[in-house]
Structures are given as C-alpha cells and as structure tokens.
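Next up, query32.cif (mmCIF, C-alpha atoms):
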```
data_start
#
loop_
_atom_site.label_atom_id
_atom_site.label_comp_id
_atom_site.auth_asym_id
_atom_site.auth_seq_id
_atom_site.Cartn_x
_atom_site.Cartn_y
_atom_site.Cartn_z
CA MET A 1 0.00 0.00 0.00
CA LEU A 2 1.43 3.35 -1.04
CA ARG A 3 1.54 6.14 1.51
CA SER A 4 2.13 9.79 0.81
CA PRO A 5 5.50 11.32 1.83
CA VAL A 6 3.65 13.63 4.21
CA PHE A 7 2.03 10.69 6.01
CA GLY A 8 5.39 8.92 6.38
CA GLN A 9 7.09 12.08 7.62
CA PHE A 10 4.52 12.57 10.39
CA ALA A 11 4.56 8.87 11.30
CA ARG A 12 8.36 8.85 11.68
CA ARG A 13 8.17 11.84 14.00
CA GLY A 14 5.73 10.04 16.26
CA TYR A 15 2.62 12.07 15.43
CA LYS A 16 -0.74 10.34 15.54
CA ILE A 17 -2.74 10.53 12.34
CA LEU A 18 -6.23 11.44 13.50
CA THR A 19 -9.32 10.56 11.53
CA LYS A 20 -12.63 12.35 11.73
CA PRO A 21 -14.93 10.57 14.21
CA PRO A 22 -18.25 9.33 12.81
CA PRO A 23 -21.49 11.19 13.60
CA VAL A 24 -23.36 10.15 16.73
CA PRO A 25 -27.08 10.25 17.62
CA ILE A 26 -28.31 13.52 19.12
CA THR A 27 -28.99 11.77 22.44
CA THR A 28 -25.35 10.70 22.68
CA ALA A 29 -24.09 14.16 21.73
CA LEU A 30 -26.26 15.88 24.37
CA THR A 31 -25.25 13.33 27.01
CA ARG A 32 -21.54 13.80 26.39
CA VAL A 33 -21.73 17.57 26.12
CA CYS A 34 -23.12 17.56 29.67
CA THR A 35 -20.74 14.99 31.16
CA GLU A 36 -17.40 15.68 29.47
CA ALA A 37 -14.84 17.37 31.72
CA PRO A 38 -15.32 21.16 31.55
CA PHE A 39 -12.82 23.03 29.40
CA ALA A 40 -13.58 26.45 30.90
CA LYS A 41 -14.07 27.65 34.47
CA PHE A 42 -17.50 29.11 33.72
CA ASP A 43 -20.86 27.65 32.78
CA GLU A 44 -20.45 27.08 29.05
CA THR A 45 -23.19 27.66 26.50
CA ILE A 46 -24.43 24.79 24.33
CA VAL A 47 -24.79 25.65 20.64
CA LEU A 48 -26.66 23.62 18.03
CA GLN A 49 -25.32 24.17 14.51
CA LEU A 50 -27.36 23.07 11.51
CA GLN A 51 -26.56 23.09 7.81
CA LEU A 52 -29.76 23.16 5.76
CA THR A 53 -30.30 22.71 2.03
CA LEU A 54 -31.42 26.33 1.64
CA ASP A 55 -30.11 29.28 -0.34
CA PRO A 56 -31.30 32.43 1.51
CA ARG A 57 -30.40 34.56 -1.52
CA LYS A 58 -33.32 33.04 -3.40
CA PRO A 59 -36.96 33.98 -2.69
CA GLY A 60 -38.87 31.61 -0.46
CA GLN A 61 -35.75 30.01 1.02
CA ASN A 62 -35.02 32.40 3.87
CA MET A 63 -35.88 31.38 7.42
CA LYS A 64 -36.24 33.91 10.22
CA HIS A 65 -38.37 33.44 13.32
CA SER A 66 -38.12 33.14 17.08
CA VAL A 67 -38.81 30.26 19.45
CA VAL A 68 -39.25 30.21 23.22
CA LEU A 69 -37.06 27.60 24.92
CA PRO A 70 -39.13 25.65 27.50
CA ASN A 71 -36.33 25.82 30.08
CA GLY A 72 -34.83 29.15 29.09
CA SER A 73 -31.46 29.86 27.52
CA GLY A 74 -29.64 30.28 30.82
CA LYS A 75 -28.91 33.89 29.95
CA THR A 76 -30.44 37.03 31.46
CA THR A 77 -32.01 39.09 28.69
CA LYS A 78 -32.11 42.88 28.89
CA VAL A 79 -35.21 44.17 27.10
CA LEU A 80 -35.83 47.82 26.21
CA VAL A 81 -39.45 48.84 25.64
CA LEU A 82 -40.14 51.89 23.48
CA THR A 83 -43.83 52.69 23.34
CA SER A 84 -46.24 55.53 24.03
CA ASP A 85 -48.77 53.17 25.64
CA GLU A 86 -48.51 53.92 29.36
CA SER A 87 -50.34 50.79 30.54
CA GLN A 88 -48.22 48.38 28.48
CA ARG A 89 -45.03 50.19 29.43
CA SER A 90 -45.82 49.87 33.13
CA ALA A 91 -46.70 46.18 32.75
CA ALA A 92 -43.47 45.53 30.84
CA VAL A 93 -41.40 47.21 33.55
CA SER A 94 -43.06 45.02 36.18
CA LEU A 95 -41.81 41.98 34.23
CA GLY A 96 -38.22 43.21 34.28
CA ALA A 97 -37.97 45.28 31.10
CA ILE A 98 -36.55 48.81 31.08
CA ALA A 99 -38.46 51.87 29.82
CA PRO A 100 -36.45 54.96 30.84
CA TYR A 101 -38.59 57.53 29.03
CA ASP A 102 -42.24 58.48 29.48
CA THR A 103 -42.82 58.90 25.75
CA LEU A 104 -41.25 57.44 22.65
CA GLU A 105 -40.67 60.94 21.29
CA ASP A 106 -38.44 61.73 24.28
CA ALA A 107 -36.33 58.63 23.67
CA VAL A 108 -35.86 59.42 19.97
CA ARG A 109 -35.02 63.06 20.73
CA VAL A 110 -32.31 62.10 23.23
CA VAL A 111 -30.72 59.73 20.71
CA THR A 112 -30.92 61.96 17.63
CA GLU A 113 -30.46 65.47 19.03
CA GLU A 114 -28.26 64.81 22.05
CA SER A 115 -26.41 61.82 20.53
CA ASP A 116 -26.85 59.95 23.79
CA LEU A 117 -26.66 56.21 23.02
CA SER A 118 -26.46 55.06 26.64
CA ILE A 119 -30.08 53.92 26.39
CA PHE A 120 -28.88 50.99 24.24
CA SER A 121 -26.02 49.95 26.52
CA GLY A 122 -26.21 46.23 27.26
CA VAL A 123 -29.62 45.88 25.59
CA ASP A 124 -30.32 42.53 23.91
CA LYS A 125 -33.69 43.34 22.38
CA ILE A 126 -35.98 46.32 21.67
CA ILE A 127 -39.75 45.85 21.61
CA CYS A 128 -42.29 48.34 20.29
CA GLN A 129 -45.78 48.55 18.78
CA PRO A 130 -46.46 48.77 15.01
CA ALA A 131 -47.68 52.36 15.36
CA ASP A 132 -44.36 53.34 16.96
CA MET A 133 -42.19 52.13 14.08
CA ARG A 134 -42.60 55.48 12.31
CA PHE A 135 -40.55 57.06 15.09
CA LEU A 136 -37.86 54.37 15.04
CA GLY A 137 -37.38 54.36 11.27
CA GLY A 138 -34.84 57.17 11.50
CA LEU A 139 -32.73 55.18 13.95
CA GLY A 140 -31.99 52.40 11.47
CA ARG A 141 -28.32 53.37 11.13
CA ILE A 142 -27.91 53.13 14.88
CA LEU A 143 -30.04 50.07 15.66
CA GLY A 144 -29.27 48.03 12.53
CA PRO A 145 -25.54 47.40 13.13
CA ARG A 146 -26.31 46.54 16.75
CA GLY A 147 -28.91 43.98 15.72
CA LEU A 148 -31.56 45.82 17.74
CA MET A 149 -33.97 46.98 15.03
CA PRO A 150 -37.45 45.63 15.92
CA ASN A 151 -38.80 43.08 13.45
CA PRO A 152 -42.36 41.69 13.19
CA LYS A 153 -41.00 38.25 12.20
CA LEU A 154 -39.14 38.06 15.50
CA GLY A 155 -42.10 39.22 17.56
CA THR A 156 -40.45 42.49 18.58
CA VAL A 157 -43.02 44.61 16.73
CA THR A 158 -46.32 43.68 18.30
CA ASN A 159 -49.44 45.13 19.90
CA ASP A 160 -49.05 42.73 22.82
CA ILE A 161 -45.85 44.07 24.34
CA VAL A 162 -46.44 42.30 27.66
CA LYS A 163 -46.44 38.88 25.98
CA ALA A 164 -43.35 39.74 23.93
CA VAL A 165 -41.45 40.81 27.05
CA SER A 166 -42.58 37.69 28.90
CA ASN A 167 -41.34 35.43 26.07
CA SER A 168 -38.01 37.25 25.96
CA MET A 169 -37.51 36.81 29.69
CA LYS A 170 -38.37 33.11 29.45
CA GLY A 171 -35.57 32.49 26.95
CA GLU A 172 -36.63 33.34 23.41
CA VAL A 173 -33.98 32.69 20.75
CA VAL A 174 -33.79 33.70 17.11
CA VAL A 175 -33.62 31.14 14.31
CA LYS A 176 -32.08 32.77 11.25
CA THR A 177 -30.37 31.27 8.22
CA ALA A 178 -26.92 32.56 7.30
CA LYS A 179 -25.76 33.16 3.73
CA ASP A 180 -24.60 29.55 3.40
CA GLY A 181 -27.85 28.10 4.74
CA GLY A 182 -26.45 27.47 8.21
CA VAL A 183 -28.26 28.08 11.49
CA ASP A 184 -26.58 28.51 14.89
CA ILE A 185 -28.88 28.41 17.94
CA VAL A 186 -28.16 28.54 21.65
CA VAL A 187 -30.06 25.73 23.40
CA GLY A 188 -28.91 26.31 26.97
CA LYS A 189 -26.07 25.94 29.46
CA VAL A 190 -24.06 22.89 30.54
CA SER A 191 -25.39 23.19 34.10
CA MET A 192 -28.98 22.65 32.94
CA GLY A 193 -28.46 18.93 32.54
CA TYR A 194 -29.63 16.50 29.89
CA SER A 195 -33.41 16.66 30.41
CA LYS A 196 -33.72 20.44 30.05
CA LEU A 197 -31.29 20.61 27.14
CA LYS A 198 -33.21 17.84 25.39
CA LYS A 199 -36.52 19.71 25.66
CA ASN A 200 -34.93 22.95 24.49
CA THR A 201 -33.30 21.24 21.52
CA GLN A 202 -36.55 19.53 20.55
CA ALA A 203 -38.40 22.86 20.68
CA VAL A 204 -35.86 24.40 18.29
CA LEU A 205 -35.88 21.47 15.86
CA GLN A 206 -39.67 21.28 15.78
CA SER A 207 -39.96 25.02 15.12
CA ILE A 208 -37.50 24.75 12.22
CA SER A 209 -39.34 21.75 10.80
CA ALA A 210 -42.67 23.59 11.03
CA SER A 211 -41.20 26.66 9.28
CA LYS A 212 -39.48 24.64 6.56
CA PRO A 213 -39.72 26.49 3.23
CA SER A 214 -41.20 24.49 0.36
CA GLU A 215 -38.77 25.96 -2.17
CA GLY A 216 -35.50 24.55 -0.82
CA LYS A 217 -33.31 22.83 -3.42
CA GLY A 218 -32.94 19.77 -1.19
CA VAL A 219 -36.68 19.57 -0.60
CA LYS A 220 -37.45 19.81 -4.31
CA SER A 221 -34.86 17.28 -5.43
CA GLY A 222 -35.65 14.80 -2.67
CA LEU A 223 -32.19 15.13 -1.12
CA GLY A 224 -33.69 16.17 2.19
CA PHE A 225 -33.88 19.37 4.20
CA TRP A 226 -31.34 18.57 6.92
CA LYS A 227 -27.80 18.45 5.54
CA LYS A 228 -25.50 18.38 8.60
CA ALA A 229 -25.79 18.92 12.34
CA TYR A 230 -23.27 19.64 15.08
CA ILE A 231 -23.42 20.32 18.80
CA SER A 232 -20.67 22.02 20.78
CA ARG A 233 -19.79 24.03 23.86
CA THR A 234 -18.64 27.65 23.97
CA MET A 235 -14.94 26.96 24.46
CA GLY A 236 -14.83 23.87 22.27
CA GLY A 237 -14.33 21.40 25.11
CA TYR A 238 -16.65 19.03 23.28
CA GLY A 239 -17.92 19.23 19.73
CA ARG A 240 -19.33 16.45 17.62
CA GLU A 241 -21.17 15.90 14.36
CA VAL A 242 -24.68 14.55 14.88
CA GLU A 243 -26.52 11.99 12.77
CA VAL A 244 -28.96 14.00 10.67
CA ALA A 245 -31.73 11.41 10.96
CA THR A 246 -31.86 11.89 14.74
CA VAL A 247 -32.57 15.64 14.50
CA ASP A 248 -35.34 15.40 11.90
CA PRO A 249 -38.77 15.37 13.64
CA ALA A 250 -40.26 13.62 10.60
CA ASN A 251 -37.76 10.74 10.80
CA ALA A 252 -38.45 7.52 12.73
CA ARG A 253 -34.99 7.83 14.35
CA TYR A 254 -35.72 11.27 15.81
CA PHE A 255 -34.08 11.37 19.28
CA ARG A 256 -33.69 7.58 19.23
CA GLY A 257 -30.63 5.39 19.64
CA GLY A 258 -27.37 6.15 21.36
CA GLU A 259 -26.77 7.03 25.00
CA GLU A 260 -29.58 8.47 27.10
CA GLY A 261 -28.49 11.11 29.58
CA VAL A 262 -28.92 11.02 33.33
CA ASP A 263 -29.25 14.27 35.26
CA LYS A 264 -27.30 15.11 38.39
CA GLY A 265 -30.16 14.02 40.59
CA GLY A 266 -29.79 10.48 39.26
CA GLU A 267 -33.10 10.43 37.41
CA GLU A 268 -33.14 9.39 33.80
CA ALA A 269 -34.24 11.97 31.28
CA ALA A 270 -37.79 11.79 30.03
#
```

Could you spell out this file's structure in structure tokens?
Amino acid sequence: MLRSPVFGQFARRGYKILTKPPPVPITTALTRVCTEAPFAKFDETIVLQLQLTLDPRKPGQNMKHSVVLPNGSGKTTKVLVLTSDESQRSAAVSLGAIAPYDTLEDAVRVVTEESDLSIFSGVDKIICQPADMRFLGGLGRILGPRGLMPNPKLGTVTNDIVKAVSNSMKGEVVVKTAKDGGVDIVVGKVSMGYSKLKKNTQAVLQSISASKPSEGKGVKSGLGFWKKAYISRTMGGYGREVEVATVDPANARYFRGGEEGVDKGGEEAA
C-alpha cells in the first residue's frame, strides 16, 4: 500500500494521524456535552449548529423566526421597551424590562439630538408597537448594526408588548439562516443537565421543521432538508457531528438510539 510522503514524515516523528470521528445520535451528543470534563471555568453555552439545504439569496428560502425555549437559555435578557402606551409600558417594567422615558418621542429626541446612546447599553432586544415604528425608522443606522432593530417576524413589533417581554424573559432565541444556509442556535447551558437541554433542543428542531420552506433545493430534489448537524460548547471542550436522521422530527430515528443522559439528581431523562 502506497503512503504519501507527508504521512510517512509525520509517522516517523511520532505524530498520531487522526481521523474524523463518525457522527453520533443527538442523544449521545447531548449526554456527552453535559458529562465531558469542563474546558472552561465558567458555565459554558451549548450551541446547536445546523446546515440546511437552503439558499437564503433566493426567494422563499429564507428562514427567520423566534422560538421560546421551554427551560430558558440560561442567559439574562435585557429588554428595552419603546412605546407611548402607558399601561403596556408599566406592565413591561413590572416583568423586568426597562423603559427609561415616558414617551417614545423623548427617547428618539435624546438619541438623535443629544447623541446619547447610553439607552442601548447592554440591551439585547428592543420591543415596540407597530404604530411606533414610524418614530424608530430614522434610527436604522444606529439600531441596525447593533442587531436591535425591531422586526415583526421576530415578535419584537407587536401590539401585545407584555407577551413579547414575557417570552423574551423566558428564553426566546432567534432562528435565522446565514448566507450559506447554516443556522446557529443557543439551546442552553451545561449546568442545565440532559433533560432540560433535550426539551430545548426539541423545541428548536420542531420550530424549524414547522417553518421549513417548500422551495428549498434539497426539498425539491428529494435530497432532504437537513444536511449536517453539530453540537458544541462555547470553548470547544466538546464538539461532535450529529446523525442527521436523529434531528429530523419527521424521521423515525428522531431522538432515538445512542446514549440516554442522566441528570445530576440520578433520574433518567424523560
């Protein structure tokens, strides 16, 4: 058997030639991501990475929506409410949102005339009503690059501000396709344990399956919608490719096979 000079050179120097490990079921990946020795000294975030057979540059193949994680994302969300509705503003503040100005006009004036951007410091999301968008349109150059511009598809432009704030506080995440058809979603923290991470991951996968565009090239050609899947931790302590069949809610192998996690309390995951 012929071997390349490069292979022989590395072998003579004592290096191990590593091969890419095969994909594992999603249950195994979630179990190991919770039990592997921590790489960092903080509670790492778990990220689900999906490669879909979509081309967002073409009409009908872009995916953008939000989903509420049943057990939260493990992150504290700072929500800024900009509305002229006094009752909804007060209710939103009682839920933990911030609303530093009595009227939306005051907020816009401070930003545009006084160039005071401190109102957006540390803010993760801005929520407003449809009627208020006419005031925020001029702030596109400021809010756009920060990813804070309210969007009806993400539920941040709504008449029910109280519900939107409540969902954000519970752990609402955005599902959005990148230019290459990839989707990266936070599904929780390592400390949550297998059961909670499993429910969060299932909520994300089911929302993507329900929002699946009918125009995708893979869907049309019969190649499938789910191309590749990975799960990893923030600092890369554990990262593994996942068997695509086990992340497809329409597949008989969905969340089947492989290891089944056990939480810290000793109870098996549901």

Where does the PyMOL selection byres ((chain A and resi 44) around 8) land in this file, that is, which residues does it pick, as a compact mmCIF listing (two decimals) with C-alpha atoms, keeping the file's coordinate frame?
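The resulting file, part09.txt, is reproduced below:
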```
# COMPACT_ATOMS: atom_id res chain seq x y z
CA ALA A 40 -13.58 26.45 30.90
CA PHE A 42 -17.50 29.11 33.72
CA ASP A 43 -20.86 27.65 32.78
CA THR A 45 -23.19 27.66 26.50
CA ILE A 46 -24.43 24.79 24.33
CA LYS A 189 -26.07 25.94 29.46
CA VAL A 190 -24.06 22.89 30.54
CA ARG A 233 -19.79 24.03 23.86
CA THR A 234 -18.64 27.65 23.97
CA MET A 235 -14.94 26.96 24.46
```

Listing only residues of range 23-106 of chain A within 9 Å of range 155-165 of chain A, what is the closest atom pair and its distance in Å (to one decimal) for each, using only C-alpha atoms, sorted by chain and residue number ascending, as a Markdown table?
```
| residue | atom | partner | partner_atom | distance |
| --- | --- | --- | --- | --- |
| A:His65 | CA | A:Gly155 | CA | 8.1 |
| A:Ser66 | CA | A:Gly155 | CA | 7.3 |
| A:Val79 | CA | A:Val165 | CA | 7.1 |
| A:Val81 | CA | A:Ile161 | CA | 8.1 |
| A:Thr83 | CA | A:Ile161 | CA | 8.9 |
| A:Gln88 | CA | A:Val162 | CA | 6.4 |
| A:Arg89 | CA | A:Ile161 | CA | 8.0 |
| A:Ala91 | CA | A:Val162 | CA | 6.4 |
| A:Ala92 | CA | A:Val162 | CA | 5.4 |
| A:Leu95 | CA | A:Val165 | CA | 7.3 |
| A:Gly96 | CA | A:Val165 | CA | 8.3 |
| A:Ala97 | CA | A:Val165 | CA | 7.0 |
```

Which residues of range 122-210 of chain A have any atom within 8 Å of an atom in range 239-258 of chain A when counting all atoms listed in the file, and what is the closest pair of atoms for each, with the distance in Å to one decimal? Order the rows by chain and rising number and write it as a tab-separated table.
```
residue	atom	partner	partner_atom	distance
A:Leu205	CA	A:Val247	CA	6.8
A:Gln206	CA	A:Pro249	CA	6.3
A:Ser209	CA	A:Pro249	CA	7.0
```

### Task
Given the file shown, enumerate the residues that the PyMOL selection byres ((chain A and resi 200) around 7) captures and present them as a ChimeraX atom specification.
/A:69-71,187,196-199,201-204

### Message
Set the distance at 12 Å and use only C-alpha atoms: which residues neighbour Ser121 in chain A once local chain neighbours fewer than 5 positions away are removed? I'd like the list as a PyMOL selection string.
### Response
chain A and resi 78-80+98+116+126+143+146+148

#### Entry: Protein/DNA/RNA residues near (-39.7, 48.8, 18.4), cut 7 Å, all atoms listed in the file, as a ChimeraX atom specification
/A:82,126-129,132-133,136,149-150,156-157

Just to be explicit: take each residue in the selection above, keep C-alpha atoms, and write the result as a PDB file, in the coordinates of the input.
```pdb
ATOM      1  CA  LEU A  82     -40.140  51.890  23.480  1.00  0.00           C
ATOM      2  CA  ILE A 126     -35.980  46.320  21.670  1.00  0.00           C
ATOM      3  CA  ILE A 127     -39.750  45.850  21.610  1.00  0.00           C
ATOM      4  CA  CYS A 128     -42.290  48.340  20.290  1.00  0.00           C
ATOM      5  CA  GLN A 129     -45.780  48.550  18.780  1.00  0.00           C
ATOM      6  CA  ASP A 132     -44.360  53.340  16.960  1.00  0.00           C
ATOM      7  CA  MET A 133     -42.190  52.130  14.080  1.00  0.00           C
ATOM      8  CA  LEU A 136     -37.860  54.370  15.040  1.00  0.00           C
ATOM      9  CA  MET A 149     -33.970  46.980  15.030  1.00  0.00           C
ATOM     10  CA  PRO A 150     -37.450  45.630  15.920  1.00  0.00           C
ATOM     11  CA  THR A 156     -40.450  42.490  18.580  1.00  0.00           C
ATOM     12  CA  VAL A 157     -43.020  44.610  16.730  1.00  0.00           C
TER      13      VAL A 157
END
```

### Task
Go ahead and compute the interatomic distance for CA of Gly144 in chain A and CA of Ile119 in chain A, in Å to one decimal.
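The value is 15.1 Å.
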
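In this structure, CA of Gly74 in chain A sits 14.7 Å away from CA of Leu48 in chain A.
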
### Query
For the atom pair CA of Val186 in chain A and CA of Val173 in chain A, what is the interatomic distance in Å to one decimal place?
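Value for the CA of Val186 in chain A-CA of Val173 in chain A distance: 7.2 Å.
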
### Query
If you count all atoms listed in the file, which residues fall within 12 Å of Thr76 in chain A, apart from same-chain ones fewer than 6 positions away, as an MDAnalysis selection string?
chainID A and resid 96:97 122:125 168:172 188

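The nearest approach to Leu154 in chain A among the residues A:Thr28, A:Asn167, A:Ala178, A:Lys20, with all atoms listed in the file taken into account, belongs to A:Asn167.
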
### Task
Select, from A:Pro130, A:Gly193, A:Gly224, A:Pro100, the residue with the minimum atom-to-atom distance to Leu52 in chain A, counting only C-alpha atoms.
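Nearest to Leu52 in chain A: A:Gly224.
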
#### Entry: Nearest-residue call for Ala131 in chain A, choices A:Val183, A:Ser232, A:Leu104, A:Tyr194, using all atoms listed in the file
A:Leu104

### Query
A:Val175, A:Val108, A:Leu54, A:Ile185: which is nearest Ser73 in chain A, counting only C-alpha atoms?
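The answer is A:Ile185, which sits nearest to Ser73 in chain A.
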
### Query
the PyMOL selection byres ((chain A and resi 50) around 8) on the file shown: which residues, as a list in words?
Leu48, Gln49, Gln51, Leu52, Gly182, Val183, Asp184, Trp226, Lys227, Lys228, Ala229 and Tyr230 of chain A
